[in-house]
Structure formats: C-alpha cells, structure tokens
>>> print(open('my_file10.csv').read())   # CSV, C-alpha atoms
chain,number,residue,atom,x,y,z
A,20,MET,CA,133.4,138.5,51.4
A,21,LYS,CA,135.3,139.1,54.5
A,22,ILE,CA,132.7,141.2,56.2
A,23,PRO,CA,129.8,138.7,56.2
A,24,ALA,CA,132.1,136.0,57.5
A,25,PHE,CA,132.9,138.3,60.4
A,26,PHE,CA,129.3,138.9,61.2
A,27,ILE,CA,128.5,135.2,61.1
A,28,LEU,CA,131.3,134.7,63.5
A,29,ILE,CA,130.0,137.3,65.9
A,30,GLY,CA,126.5,135.8,65.5
A,31,LEU,CA,127.8,132.4,66.5
A,32,VAL,CA,129.6,133.8,69.5
A,33,LEU,CA,126.6,135.8,70.7
A,34,LEU,CA,124.0,133.2,70.1
A,35,PRO,CA,125.1,129.9,71.5
A,36,PRO,CA,121.5,128.5,71.8
A,37,VAL,CA,121.0,129.1,68.1
A,38,LEU,CA,124.3,127.4,67.4
A,39,ALA,CA,123.2,124.6,69.6
A,40,SER,CA,120.0,124.0,67.7
A,41,ALA,CA,121.5,124.0,64.3
A,42,GLY,CA,123.6,120.8,64.2
A,43,PRO,CA,123.5,117.1,64.6
A,44,LEU,CA,121.6,117.5,67.9
A,45,GLN,CA,118.7,119.1,66.1
A,46,ASP,CA,118.8,116.6,63.2
A,47,LYS,CA,118.4,113.8,65.7
A,48,ASP,CA,115.7,115.7,67.7
A,49,CYS,CA,117.6,115.3,71.0
A,50,GLY,CA,115.7,118.5,72.1
A,51,SER,CA,112.4,116.5,72.2
A,52,CYS,CA,113.6,114.9,75.5
A,53,HIS,CA,116.5,117.1,76.6
A,54,ARG,CA,116.9,120.8,77.4
A,55,LEU,CA,119.7,122.0,75.0
A,56,GLY,CA,119.4,125.8,75.3
A,57,ASP,CA,118.1,128.6,77.4
A,58,SER,CA,114.4,127.8,77.5
A,59,GLU,CA,113.4,125.7,80.5
A,60,LYS,CA,110.6,123.2,79.8
A,61,LYS,CA,109.4,120.0,81.2
A,62,ASN,CA,111.6,117.3,79.7
A,63,SER,CA,111.6,113.5,80.0
A,64,GLY,CA,115.5,113.5,79.8
A,65,PRO,CA,118.1,115.2,81.9
A,66,ASP,CA,119.2,118.7,81.1
A,67,LEU,CA,122.1,118.9,78.6
A,68,HIS,CA,122.4,122.6,78.2
A,69,TYR,CA,125.5,122.5,80.3
A,70,ALA,CA,126.8,119.2,78.9
A,71,GLY,CA,130.2,120.8,78.0
A,72,ASN,CA,130.7,121.9,81.6
A,73,LYS,CA,129.6,118.5,83.0
A,74,PHE,CA,130.7,115.5,81.0
A,75,GLN,CA,134.0,114.0,79.9
A,76,ALA,CA,134.0,113.9,76.0
A,77,LYS,CA,135.2,110.4,75.9
A,78,TRP,CA,132.4,109.1,78.1
A,79,LEU,CA,129.8,111.0,76.0
A,80,LYS,CA,131.0,109.3,72.9
A,81,GLN,CA,130.9,105.9,74.5
A,82,PHE,CA,127.4,106.5,76.0
A,83,LEU,CA,126.0,107.5,72.7
A,84,GLN,CA,127.2,104.3,71.1
A,85,ASN,CA,126.5,102.1,74.1
A,86,PRO,CA,124.0,103.7,76.4
A,87,GLU,CA,124.0,102.6,80.0
A,88,VAL,CA,121.4,103.2,82.8
A,89,ILE,CA,122.5,106.0,85.0
A,90,ARG,CA,119.2,106.8,86.7
A,91,PRO,CA,117.7,103.4,87.7
A,92,ALA,CA,114.5,105.1,88.9
A,93,GLY,CA,114.2,107.4,85.9
A,94,VAL,CA,114.8,111.2,85.6
A,95,SER,CA,114.0,113.2,88.8
A,96,THR,CA,111.9,115.7,86.9
A,97,ALA,CA,109.9,113.1,84.8
A,98,PRO,CA,106.4,112.2,85.8
A,99,GLY,CA,106.8,108.5,86.5
A,100,PHE,CA,109.9,109.2,88.7
A,101,LEU,CA,108.5,108.3,92.2
A,102,GLN,CA,107.0,105.1,90.8
A,103,GLY,CA,110.5,104.1,89.9
A,104,SER,CA,110.0,103.6,86.2
A,105,SER,CA,113.2,104.0,84.1
A,106,GLY,CA,111.6,104.0,80.7
A,107,ASN,CA,112.9,102.8,77.3
A,108,PRO,CA,116.5,102.1,76.4
A,109,HIS,CA,118.3,105.2,75.1
A,110,PRO,CA,118.7,105.6,71.3
A,111,SER,CA,122.2,104.6,70.2
A,112,PHE,CA,124.4,105.7,67.4
A,113,ALA,CA,127.3,104.5,65.2
A,114,GLU,CA,130.7,105.7,66.1
A,115,LYS,CA,130.8,108.6,63.6
A,116,GLU,CA,127.5,110.0,64.6
A,117,ALA,CA,128.2,109.6,68.2
A,118,SER,CA,131.4,111.5,67.7
A,119,ALA,CA,129.6,114.4,66.0
A,120,LEU,CA,126.9,114.5,68.7
A,121,SER,CA,129.4,114.4,71.4
A,122,ASP,CA,131.3,117.3,69.9
A,123,SER,CA,128.1,119.4,69.7
A,124,LEU,CA,127.3,118.5,73.3
A,125,MET,CA,130.7,119.5,74.5
A,126,GLY,CA,129.9,122.9,73.0
A,127,LEU,CA,126.9,123.4,75.3
A,128,LYS,CA,128.0,125.5,78.3
A,129,VAL,CA,126.5,127.9,80.8
A,130,SER,CA,127.4,131.3,79.4
A,131,GLY,CA,129.8,133.3,81.4
A,132,LEU,CA,130.6,130.4,83.8
A,133,THR,CA,134.3,129.7,84.5
A,134,LEU,CA,135.0,126.8,86.7
A,135,GLU,CA,137.9,126.7,89.0
A,136,PRO,CA,140.2,123.8,88.0
A,137,VAL,CA,140.4,121.1,90.7
A,138,THR,CA,143.4,118.9,91.1
A,139,THR,CA,142.3,115.3,91.5
A,140,GLU,CA,145.3,113.9,93.1
A,141,PRO,CA,144.8,110.4,94.3
A,142,LEU,CA,143.4,110.2,97.8
A,143,SER,CA,145.5,108.5,100.5
A,144,LYS,CA,144.0,105.5,102.0
A,145,GLY,CA,143.2,107.3,105.2
A,146,LYS,CA,141.6,110.3,103.5
A,147,ARG,CA,139.6,108.1,101.3
A,148,ALA,CA,138.2,106.2,104.3
A,149,LYS,CA,137.3,109.4,106.0
A,150,ILE,CA,135.5,111.0,103.0
A,151,LYS,CA,133.8,107.7,102.2
A,152,TYR,CA,132.5,107.7,105.8
A,153,GLN,CA,131.2,111.2,105.3
A,154,PHE,CA,129.5,110.1,102.0
A,155,GLU,CA,127.8,107.3,103.8
A,156,ARG,CA,126.9,108.8,107.1
A,157,THR,CA,127.5,112.5,107.9
A,158,PHE,CA,125.9,113.7,104.7
A,159,SER,CA,123.7,110.6,103.8
A,160,CYS,CA,124.8,110.8,100.1
A,161,ILE,CA,124.6,107.1,99.8
A,162,SER,CA,120.9,107.0,100.6
A,163,CYS,CA,120.2,108.4,97.1
A,164,HIS,CA,123.3,107.6,95.1
A,165,GLN,CA,124.9,104.3,94.1
A,166,SER,CA,128.6,104.1,94.8
A,167,LEU,CA,131.2,101.3,95.1
A,168,ASN,CA,132.5,100.0,98.3
A,169,LEU,CA,136.1,99.0,98.8
A,170,ALA,CA,135.4,95.5,97.5
A,171,GLY,CA,133.9,97.0,94.3
A,172,LYS,CA,130.4,96.2,95.2
A,173,VAL,CA,127.5,98.5,94.2
A,174,ARG,CA,125.6,100.0,97.1
A,175,GLY,CA,123.2,102.8,97.7
A,176,GLY,CA,119.9,104.4,96.8
A,177,ILE,CA,118.6,105.1,93.3
A,178,SER,CA,116.7,108.4,93.4
A,179,GLY,CA,119.9,110.3,92.3
A,180,PRO,CA,122.1,109.5,89.3
A,181,SER,CA,124.4,106.5,89.9
A,182,LEU,CA,127.9,107.6,90.8
A,183,ILE,CA,129.6,104.3,90.2
A,184,ASN,CA,131.2,105.6,87.1
A,185,ALA,CA,131.5,109.2,88.1
A,186,GLY,CA,135.3,109.2,87.6
A,187,ASN,CA,134.9,108.5,83.9
A,188,ARG,CA,131.7,110.4,83.4
A,189,LEU,CA,132.0,113.8,85.1
A,190,GLN,CA,134.4,116.7,85.1
A,191,ALA,CA,135.9,117.3,88.5
A,192,ASP,CA,135.5,121.0,88.2
A,193,TRP,CA,131.9,120.6,87.6
A,194,VAL,CA,131.3,118.3,90.6
A,195,VAL,CA,132.8,120.9,92.9
A,196,ASN,CA,130.6,123.6,91.5
A,197,TRP,CA,127.5,121.4,91.7
A,198,LEU,CA,128.1,120.8,95.4
A,199,ASN,CA,128.7,124.5,95.9
A,200,THR,CA,126.0,126.2,93.7
A,201,PRO,CA,123.5,123.7,92.2
A,202,GLU,CA,121.2,126.5,91.5
A,203,VAL,CA,123.4,127.5,88.5
A,204,TYR,CA,122.2,124.3,86.8
A,205,THR,CA,118.7,123.7,88.1
A,206,SER,CA,116.1,125.5,90.2
A,207,LYS,CA,114.4,122.2,91.0
A,208,SER,CA,116.8,119.8,92.6
A,209,ARG,CA,115.6,116.9,94.8
A,210,MET,CA,119.0,116.7,96.5
A,211,PRO,CA,119.3,118.5,99.8
A,212,ARG,CA,121.3,121.7,99.9
A,213,TYR,CA,124.5,121.3,101.9
A,214,LYS,CA,126.6,123.9,103.5
A,215,MET,CA,130.1,122.5,103.4
A,216,ASP,CA,133.5,124.2,103.2
A,217,SER,CA,135.4,124.1,99.9
A,218,ALA,CA,137.9,121.6,101.3
A,219,THR,CA,135.1,119.2,102.0
A,220,GLN,CA,133.6,119.8,98.5
A,221,ILE,CA,137.0,119.1,96.9
A,222,GLN,CA,137.5,115.9,99.0
A,223,PHE,CA,134.0,114.6,97.9
A,224,THR,CA,135.0,115.4,94.4
A,225,GLN,CA,138.3,113.5,94.7
A,226,PHE,CA,136.4,110.6,96.2
A,227,LEU,CA,133.8,110.5,93.4
A,228,MET,CA,136.5,110.7,90.8
A,229,THR,CA,137.9,107.4,92.2
A,230,LEU,CA,134.6,105.7,91.3
A,231,LYS,CA,135.0,103.9,88.0
A,232,LYS,CA,133.1,101.2,86.3
A,233,GLU,CA,136.3,99.2,85.8
A,234,ASN,CA,136.7,99.0,89.6
A,235,MET,CA,133.4,97.3,89.9
A,236,ASN,CA,133.6,93.7,91.1
A,237,ARG,CA,131.5,91.9,88.5
A,238,ARG,CA,131.0,88.9,90.7
A,239,ALA,CA,129.9,90.9,93.7
A,240,ALA,CA,127.7,92.9,91.4
A,241,GLY,CA,125.8,89.9,90.4
A,242,GLY,CA,127.9,88.3,87.6
A,243,LYS,CA,127.0,90.8,84.9
B,7,MET,CA,118.7,114.7,136.4
B,8,LYS,CA,116.1,112.9,134.3
B,9,ARG,CA,117.0,115.1,131.3
B,10,ASN,CA,120.7,114.2,131.7
B,11,TYR,CA,119.9,110.5,131.8
B,12,LYS,CA,117.9,111.0,128.6
B,13,ASN,CA,120.7,112.8,126.9
B,14,LEU,CA,123.1,110.1,127.8
B,15,LEU,CA,120.8,107.5,126.4
B,16,ALA,CA,120.5,109.5,123.2
B,17,THR,CA,124.3,109.8,122.9
B,18,ILE,CA,124.7,106.1,123.4
B,19,THR,CA,122.1,105.2,120.7
B,20,THR,CA,123.7,107.8,118.4
B,21,VAL,CA,127.1,106.2,118.8
B,22,LEU,CA,125.7,102.7,118.3
B,23,LEU,CA,123.7,103.8,115.2
B,24,GLY,CA,126.9,105.5,114.1
B,25,MET,CA,128.4,102.1,113.5
B,26,VAL,CA,125.8,101.4,110.8
B,27,ALA,CA,126.2,102.9,107.3
B,28,CYS,CA,123.3,103.6,105.0
B,29,GLY,CA,124.0,101.5,101.9
B,30,GLN,CA,123.4,97.8,102.1
B,31,ASN,CA,125.3,95.9,104.7
B,32,ASP,CA,128.8,94.8,104.2
B,33,ASN,CA,131.7,94.1,106.4
B,34,GLU,CA,133.6,97.3,106.0
B,35,GLN,CA,134.2,99.0,109.3
B,36,VAL,CA,135.8,102.4,109.6
B,37,ALA,CA,136.8,103.3,113.1
B,38,LEU,CA,135.9,106.9,113.2
B,39,LYS,CA,133.6,108.8,115.5
B,40,PRO,CA,130.3,109.9,114.2
B,41,PRO,CA,130.4,113.6,113.5
B,42,THR,CA,127.4,115.6,112.9
B,43,GLN,CA,127.0,117.7,109.8
B,44,GLN,CA,129.2,120.8,109.6
B,45,GLU,CA,127.6,124.0,110.7
B,46,VAL,CA,124.6,122.2,112.0
B,47,LYS,CA,124.3,123.0,115.7
B,48,ARG,CA,121.7,121.9,118.1
B,49,VAL,CA,119.0,124.4,118.9
B,50,GLN,CA,118.0,125.3,122.4
B,51,PRO,CA,114.9,123.3,123.4
B,52,GLN,CA,111.9,125.5,123.0
B,53,THR,CA,110.4,126.6,126.3
B,54,GLN,CA,107.1,127.6,124.9
B,55,GLN,CA,105.1,126.1,122.0
B,56,PRO,CA,105.5,127.9,118.7
B,57,GLU,CA,102.4,129.0,116.8
B,58,PRO,CA,100.8,125.9,115.4
B,59,ALA,CA,102.0,125.6,111.8
B,60,GLN,CA,99.6,125.1,108.9
B,61,VAL,CA,99.6,122.3,106.4
B,62,THR,CA,99.2,124.0,103.0
B,63,GLU,CA,99.4,122.8,99.4
B,64,ASN,CA,103.0,123.9,99.5
B,65,THR,CA,103.7,121.5,102.4
B,66,ARG,CA,102.3,118.5,100.5
B,67,GLN,CA,104.2,119.4,97.4
B,68,THR,CA,107.4,119.8,99.4
B,69,TYR,CA,106.9,116.4,100.9
B,70,GLN,CA,106.3,114.8,97.5
B,71,TRP,CA,109.3,116.5,96.0
B,72,TYR,CA,111.9,115.7,98.7
B,73,CYS,CA,110.6,113.2,101.2
B,74,ALA,CA,108.7,110.8,99.0
B,75,GLN,CA,112.0,109.6,97.4
B,76,CYS,CA,112.4,107.6,100.6
B,77,HIS,CA,109.2,107.8,102.6
B,78,GLY,CA,107.0,107.1,99.7
B,79,ILE,CA,104.2,109.0,98.0
B,80,GLU,CA,101.8,108.1,100.8
B,81,GLY,CA,104.4,108.4,103.6
B,82,LYS,CA,104.4,104.6,104.2
B,83,GLY,CA,108.1,104.3,104.2
B,84,ASN,CA,108.3,102.6,100.8
B,85,GLY,CA,109.9,105.2,98.5
B,86,ILE,CA,112.1,104.2,95.7
B,87,ASN,CA,115.3,104.3,97.9
B,88,ALA,CA,113.8,102.3,100.7
B,89,LYS,CA,115.0,98.9,99.8
B,90,PHE,CA,118.5,100.1,99.4
B,91,LEU,CA,118.9,101.5,102.9
B,92,THR,CA,120.1,99.6,105.9
B,93,VAL,CA,117.6,101.3,108.1
B,94,PRO,CA,114.1,101.6,106.5
B,95,PRO,CA,112.6,105.1,106.2
B,96,ARG,CA,110.1,105.7,108.9
B,97,ASN,CA,106.5,104.9,108.1
B,98,HIS,CA,104.8,108.3,108.7
B,99,THR,CA,101.3,106.7,108.8
B,100,LYS,CA,102.1,104.6,111.9
B,101,GLY,CA,100.7,106.3,115.0
B,102,ASP,CA,102.0,103.9,117.6
B,103,TYR,CA,105.6,104.9,117.0
B,104,LEU,CA,105.1,108.5,116.1
B,105,GLU,CA,103.1,109.3,119.2
B,106,THR,CA,106.2,108.4,121.3
B,107,ARG,CA,108.1,111.2,119.5
B,108,THR,CA,107.6,114.9,120.4
B,109,ASP,CA,107.1,117.6,117.7
B,110,GLU,CA,110.5,118.9,118.7
B,111,GLN,CA,112.1,115.6,118.0
B,112,LEU,CA,110.5,115.3,114.6
B,113,PHE,CA,111.5,118.9,113.9
B,114,GLU,CA,115.1,118.2,114.8
B,115,ALA,CA,115.2,115.0,112.8
B,116,ILE,CA,114.1,116.9,109.7
B,117,LYS,CA,116.3,119.9,110.3
B,118,PHE,CA,119.5,118.3,111.5
B,119,GLY,CA,119.1,114.7,110.1
B,120,GLY,CA,118.6,111.3,111.7
B,121,LEU,CA,121.9,111.3,113.6
B,122,SER,CA,120.9,114.4,115.6
B,123,VAL,CA,118.1,112.6,117.3
B,124,GLY,CA,119.7,109.2,117.8
B,125,ARG,CA,118.3,107.9,114.6
B,126,ALA,CA,120.0,106.5,111.5
B,127,PRO,CA,122.2,108.7,109.3
B,128,CYS,CA,120.3,107.6,106.2
B,129,MET,CA,117.8,110.3,107.0
B,130,PRO,CA,119.5,113.5,105.6
B,131,ALA,CA,119.5,116.9,107.2
B,132,TRP,CA,117.2,119.4,105.5
B,133,GLY,CA,118.1,122.5,107.4
B,134,HIS,CA,119.8,124.2,104.5
B,135,THR,CA,117.1,123.3,102.0
B,136,LEU,CA,113.9,124.1,104.0
B,137,ASP,CA,113.3,127.1,106.3
B,138,GLU,CA,112.0,126.6,109.8
B,139,ASP,CA,108.4,127.4,109.0
B,140,THR,CA,108.3,124.8,106.3
B,141,ILE,CA,109.8,122.3,108.6
B,142,HIS,CA,107.2,123.1,111.3
B,143,SER,CA,104.5,122.5,108.7
B,144,MET,CA,106.1,119.2,107.7
B,145,VAL,CA,105.8,118.1,111.3
B,146,ARG,CA,102.1,119.0,111.2
B,147,TYR,CA,101.7,117.1,108.0
B,148,ILE,CA,103.3,114.0,109.5
B,149,ARG,CA,100.9,114.3,112.4
B,150,GLU,CA,98.2,114.4,109.8
B,151,LEU,CA,99.5,111.3,108.1
B,152,CYS,CA,99.8,109.3,111.4
B,153,GLN,CA,96.6,110.8,112.7
B,154,CYS,CA,98.4,111.0,116.0
B,155,GLU,CA,99.8,113.6,118.5
B,156,ALA,CA,102.7,113.3,120.8
B,157,LEU,CA,101.7,111.5,124.0
>>> encode(input="my_file10.csv", output="structure tokens")
Amino acid sequence: MKIPAFFILIGLVLLPPVLASAGPLQDKDCGSCHRLGDSEKKNSGPDLHYAGNKFQAKWLKQFLQNPEVIRPAGVSTAPGFLQGSSGNPHPSFAEKEASALSDSLMGLKVSGLTLEPVTTEPLSKGKRAKIKYQFERTFSCISCHQSLNLAGKVRGGISGPSLINAGNRLQADWVVNWLNTPEVYTSKSRMPRYKMDSATQIQFTQFLMTLKKENMNRRAAGGK
Amino acid sequence: MKRNYKNLLATITTVLLGMVACGQNDNEQVALKPPTQQEVKRVQPQTQQPEPAQVTENTRQTYQWYCAQCHGIEGKGNGINAKFLTVPPRNHTKGDYLETRTDEQLFEAIKFGGLSVGRAPCMPAWGHTLDEDTIHSMVRYIRELCQCEAL
C-alpha cells in the first residue's frame, strides 16, 4: 500500500502538466481558451501555464468571481486583436469554485524557475516621480499600458494589459523577471525588448506595485 | 556650421517635446531633463549609402506584429493605441511629410525611439527588439507605404 502511493507522488512531481490537466481547470474546460501546460497552441485567452509565478492568489479568486477587463483591445495573440475587439465577458464562478480554480492555477509554474524575491518597499515621492517619468517618456511604456496618474486618473494605451491594478494582481518577483527575460514566458511578445539594468527593473516593479484599483479616482475615471 | 545649427534645433525640439508625456494630457509636470534610453547611443552618421534593403514577407509581418499597434494595419496612424496618445502615431502613407525625412532619420527613429530624432517619446525604441537589417527593411517598407523618397 505504501509503495503505490510513493509512485503516485513521484508521478505528480515529475508530471506537472498532467497534474494540471486533471483538476477543476479541466472540468471547466479552461484549456479551450488558455494554455495550461507545456504545449504551445493558438489560444484566444492569455497563457496561464505560469499563473502560479505571475498572479496573486487573492486577485485570481476575485477575478474568477467578478471578472474585469484587463485587455481592453483583446488578447495580443488573438486574431481580432488589431481591430480592437475585446470579446465576450469572462465566465464567472461562485466563491467555492473560484477558490478551487485559483488553487489549481497557483500550482501552474514554469518548471525549474526560481524567482529572486524583490522587496517592494514604498517609493519615496521623488523616486516615484522619477520612475513615473521613465514609464511615460524614456521607455514609452504608457503608450501601450494604462496606468494611474497622481490624481488617480486612468491614462495610456490599450495594446498591452492594463496595469492600473498591477499592485493587487501581479507578483513583484514575476514583474522583474518579465522585464528581464520575457522569453521565459513567451516567444511572441508585442512589447519591445528593453536593455535596462536591474536597479531600473526593480524601480519599475516598485512603481507598478503602487498601482491599485482602490487608488483610482472614480470621478476622474468617468463616474463608474 | 550648418550641421551644428541643425543639431541645435534638434536639441531644442527634443527638449520641448520632452515636456510632453505620452498618455492623455493632464497637468502633472515633473521637472526632470529628458534622458534617452539607457545603453542607446547615437550612431555615427553613415558616410556612404548602405546596400538597399529589401522588403520581404518578414518585413510586412514584423510591421503588423509590432508597429500596427500604433501605426495601424495599413500604416495610416490609426492603430488601437492611437487615440490614447498625446502625439498621434505618424501616418506612414503621407508622402508630403515623409519626404522631408531622410532614411537615416527614419532608421534612427525606429532604432532609438522618437526622442532621439526630436520626435515624441510615445514612439518606442526598437533597437533591442529588431536587428539593423530588419530596421533598414522597415524604412524601405515605409517608403513603399508613402510612395515617396527623401527629397
């Protein structure tokens, strides 16, 4: 009795994609739109095979109960993307299901990847102004990503995922790694490659982690 | 002497443009000098013309993949980001403006970004994404779109 259990355990450790496709994610057919495992195919939804590296669990659970639009122009790999069509509302789930799905998603990681922990100490006012300036001008990030200005107003382009809630949605360690080595996650990014030193990567990350939906000025954003 | 004057003008416009950010307008002002992107250095002006680059299927696909986000599928400056930028993406089908720009200026705008040629920072630098041959072929493709050459 002990030996089969041992082998099952080994199997689970060695075959994360199999593990991934044998739970609530499979029951709900999330794989019909999302990449959940190793095989790369054309999907209408964003890749989730590294969801456990990328997202904050609490945010995932909330998103699955109350989906919000993150890519106002649709997913960059989907056919209608350049026409700016964002498609149908995302399926939503009751709390218990959302919780189980989120747990499974948090188990999806790039194998063998260890991310350096980043301290997201609050930025001083001066540093924040400096990095915000780089975000908007030196590196043109705002041309493709929505962010919040100091008055909490949404600004920026829509071809990249909105970053107005990045501080609740993304893991800081992942953001740094994305800026450093995006090819770990996708071979087909539409974002320019940047050569920046790690101090700058960390500052961008710290800046992005200050962007939170609750800092949004509802009135400035159009009363919604 | 003429060259210096030109450079000075370019610097002044760069600084002026440096005051504008790329998202929609608001009243935030940050008093910092416009830096250019790290590690991106100006190239020496080419003394002789490089081999004319070819527009291939790859050139068109590259344009669709990266540039069309802002410049639009047909290069008319109406991509999905266009209405969110303070300075509109250049319309690549308009000959009357593009013939006032040299191939080197277009090359530099693509490689080092808008700021490097005295244009808006909303135009990102692609020098770490695309190699020089590809950028030369993008310049050729833009010449095809505008059906124009530098005057």
>>> closest_residue(input="my_file10.csv", among="A:Gln220, A:Thr133, A:Asn187, A:Asn196", to="chain B", atoms="all atoms listed in the file")
A:Gln220
>>> atom_distance(input="my_file10.csv", atom1="CA of Thr62 (chain B)", atom2="CA of Ile79 (chain B)")
16.6 Å
>>> atom_distance(input="my_file10.csv", atom1="CA of Lys77 (chain A)", atom2="CA of Lys231 (chain A)")
13.7 Å
>>> residues_around(input="my_file10.csv", residues="Leu136 (chain B)", least_positions_apart="5", cutoff="12 Å", atoms="only C-alpha atoms", output="CSV table (one decimal) with C-alpha atoms, keeping the file's coordinate frame")
chain,number,residue,atom,x,y,z
A,209,ARG,CA,115.6,116.9,94.8
A,210,MET,CA,119.0,116.7,96.5
A,211,PRO,CA,119.3,118.5,99.8
A,212,ARG,CA,121.3,121.7,99.9
A,213,TYR,CA,124.5,121.3,101.9
B,64,ASN,CA,103.0,123.9,99.5
B,65,THR,CA,103.7,121.5,102.4
B,68,THR,CA,107.4,119.8,99.4
B,69,TYR,CA,106.9,116.4,100.9
B,71,TRP,CA,109.3,116.5,96.0
B,72,TYR,CA,111.9,115.7,98.7
B,73,CYS,CA,110.6,113.2,101.2
B,113,PHE,CA,111.5,118.9,113.9
B,116,ILE,CA,114.1,116.9,109.7
B,117,LYS,CA,116.3,119.9,110.3
B,118,PHE,CA,119.5,118.3,111.5
B,131,ALA,CA,119.5,116.9,107.2
B,141,ILE,CA,109.8,122.3,108.6
B,142,HIS,CA,107.2,123.1,111.3
B,143,SER,CA,104.5,122.5,108.7
B,144,MET,CA,106.1,119.2,107.7
>>> interface_residues(input="my_file10.csv", of="chain A", to="chain B", cutoff="9 Å", atoms="only C-alpha atoms", output="PDB file with C-alpha atoms, keeping the file's coordinate frame")
ATOM      1  CA  ALA A  92     114.500 105.100  88.900  1.00  0.00           C
ATOM      2  CA  PHE A 100     109.900 109.200  88.700  1.00  0.00           C
ATOM      3  CA  LEU A 101     108.500 108.300  92.200  1.00  0.00           C
ATOM      4  CA  GLN A 102     107.000 105.100  90.800  1.00  0.00           C
ATOM      5  CA  GLY A 103     110.500 104.100  89.900  1.00  0.00           C
ATOM      6  CA  ALA A 148     138.200 106.200 104.300  1.00  0.00           C
ATOM      7  CA  LYS A 149     137.300 109.400 106.000  1.00  0.00           C
ATOM      8  CA  TYR A 152     132.500 107.700 105.800  1.00  0.00           C
ATOM      9  CA  GLN A 153     131.200 111.200 105.300  1.00  0.00           C
ATOM     10  CA  GLU A 155     127.800 107.300 103.800  1.00  0.00           C
ATOM     11  CA  ARG A 156     126.900 108.800 107.100  1.00  0.00           C
ATOM     12  CA  THR A 157     127.500 112.500 107.900  1.00  0.00           C
ATOM     13  CA  PHE A 158     125.900 113.700 104.700  1.00  0.00           C
ATOM     14  CA  SER A 159     123.700 110.600 103.800  1.00  0.00           C
ATOM     15  CA  CYS A 160     124.800 110.800 100.100  1.00  0.00           C
ATOM     16  CA  ILE A 161     124.600 107.100  99.800  1.00  0.00           C
ATOM     17  CA  SER A 162     120.900 107.000 100.600  1.00  0.00           C
ATOM     18  CA  CYS A 163     120.200 108.400  97.100  1.00  0.00           C
ATOM     19  CA  GLN A 165     124.900 104.300  94.100  1.00  0.00           C
ATOM     20  CA  SER A 166     128.600 104.100  94.800  1.00  0.00           C
ATOM     21  CA  ASN A 168     132.500 100.000  98.300  1.00  0.00           C
ATOM     22  CA  LEU A 169     136.100  99.000  98.800  1.00  0.00           C
ATOM     23  CA  ALA A 170     135.400  95.500  97.500  1.00  0.00           C
ATOM     24  CA  VAL A 173     127.500  98.500  94.200  1.00  0.00           C
ATOM     25  CA  ARG A 174     125.600 100.000  97.100  1.00  0.00           C
ATOM     26  CA  GLY A 175     123.200 102.800  97.700  1.00  0.00           C
ATOM     27  CA  GLY A 176     119.900 104.400  96.800  1.00  0.00           C
ATOM     28  CA  ILE A 177     118.600 105.100  93.300  1.00  0.00           C
ATOM     29  CA  SER A 178     116.700 108.400  93.400  1.00  0.00           C
ATOM     30  CA  SER A 208     116.800 119.800  92.600  1.00  0.00           C
ATOM     31  CA  ARG A 209     115.600 116.900  94.800  1.00  0.00           C
ATOM     32  CA  MET A 210     119.000 116.700  96.500  1.00  0.00           C
ATOM     33  CA  PRO A 211     119.300 118.500  99.800  1.00  0.00           C
ATOM     34  CA  ARG A 212     121.300 121.700  99.900  1.00  0.00           C
ATOM     35  CA  TYR A 213     124.500 121.300 101.900  1.00  0.00           C
ATOM     36  CA  LYS A 214     126.600 123.900 103.500  1.00  0.00           C
ATOM     37  CA  MET A 215     130.100 122.500 103.400  1.00  0.00           C
ATOM     38  CA  ASP A 216     133.500 124.200 103.200  1.00  0.00           C
TER      39      ASP A 216
END
>>> residues_near_point(input="my_file10.csv", point="(107.8, 103.5, 106.7)", cutoff="10 Å", atoms="all atoms listed in the file", output="NGL selection string")
:B and (76-78 or 80-85 or 88 or 94-100)
>>> write_last_selection(input="my_file10.csv", atoms="C-alpha atoms", output="PDB file, keeping the file's coordinate frame")
ATOM      1  CA  CYS B  76     112.400 107.600 100.600  1.00  0.00           C
ATOM      2  CA  HIS B  77     109.200 107.800 102.600  1.00  0.00           C
ATOM      3  CA  GLY B  78     107.000 107.100  99.700  1.00  0.00           C
ATOM      4  CA  GLU B  80     101.800 108.100 100.800  1.00  0.00           C
ATOM      5  CA  GLY B  81     104.400 108.400 103.600  1.00  0.00           C
ATOM      6  CA  LYS B  82     104.400 104.600 104.200  1.00  0.00           C
ATOM      7  CA  GLY B  83     108.100 104.300 104.200  1.00  0.00           C
ATOM      8  CA  ASN B  84     108.300 102.600 100.800  1.00  0.00           C
ATOM      9  CA  GLY B  85     109.900 105.200  98.500  1.00  0.00           C
ATOM     10  CA  ALA B  88     113.800 102.300 100.700  1.00  0.00           C
ATOM     11  CA  PRO B  94     114.100 101.600 106.500  1.00  0.00           C
ATOM     12  CA  PRO B  95     112.600 105.100 106.200  1.00  0.00           C
ATOM     13  CA  ARG B  96     110.100 105.700 108.900  1.00  0.00           C
ATOM     14  CA  ASN B  97     106.500 104.900 108.100  1.00  0.00           C
ATOM     15  CA  HIS B  98     104.800 108.300 108.700  1.00  0.00           C
ATOM     16  CA  THR B  99     101.300 106.700 108.800  1.00  0.00           C
ATOM     17  CA  LYS B 100     102.100 104.600 111.900  1.00  0.00           C
TER      18      LYS B 100
END
>>> residues_around(input="my_file10.csv", residues="Val194 (chain A)", least_positions_apart="3", cutoff="12 Å", atoms="all atoms listed in the file", output="PyMOL selection string")
chain A and resi 72-75+134-137+139+182+185-186+188-191+197-201+204+217+220-228
>>> residues_around(input="my_file10.csv", residues="region 43-58 of chain A", least_positions_apart="4", cutoff="10 Å", atoms="only C-alpha atoms", output="list of chain:residue names")
A:Pro35, A:Pro36, A:Val37, A:Leu38, A:Ala39, A:Asn62, A:Ser63, A:Gly64, A:Pro65, A:Asp66, A:Leu67, A:His68, A:Tyr69, A:Ala70, A:Pro110, A:Glu116, A:Ala117, A:Ala119, A:Leu120, A:Ser121, A:Asp122, A:Ser123, A:Leu124, A:Leu127, A:Lys128, A:Val129, A:Ser130
>>> atom_distance(input="my_file10.csv", atom1="CA of Val61 (chain B)", atom2="CA of Gly99 (chain A)")
25.3 Å
>>> closest_residue(input="my_file10.csv", among="B:Asp109, B:Asp102, B:Glu138, B:Glu63", to="Cys152 (chain B)", atoms="all atoms listed in the file")
B:Asp102
>>> residues_around(input="my_file10.csv", residues="Leu157 (chain B)", least_positions_apart="2", cutoff="12 Å", atoms="only C-alpha atoms", output="list in words")
Gly101, Asp102, Tyr103, Leu104, Glu105, Thr106, Arg107, Thr108, Asp109, Arg149, Cys154 and Glu155 of chain B
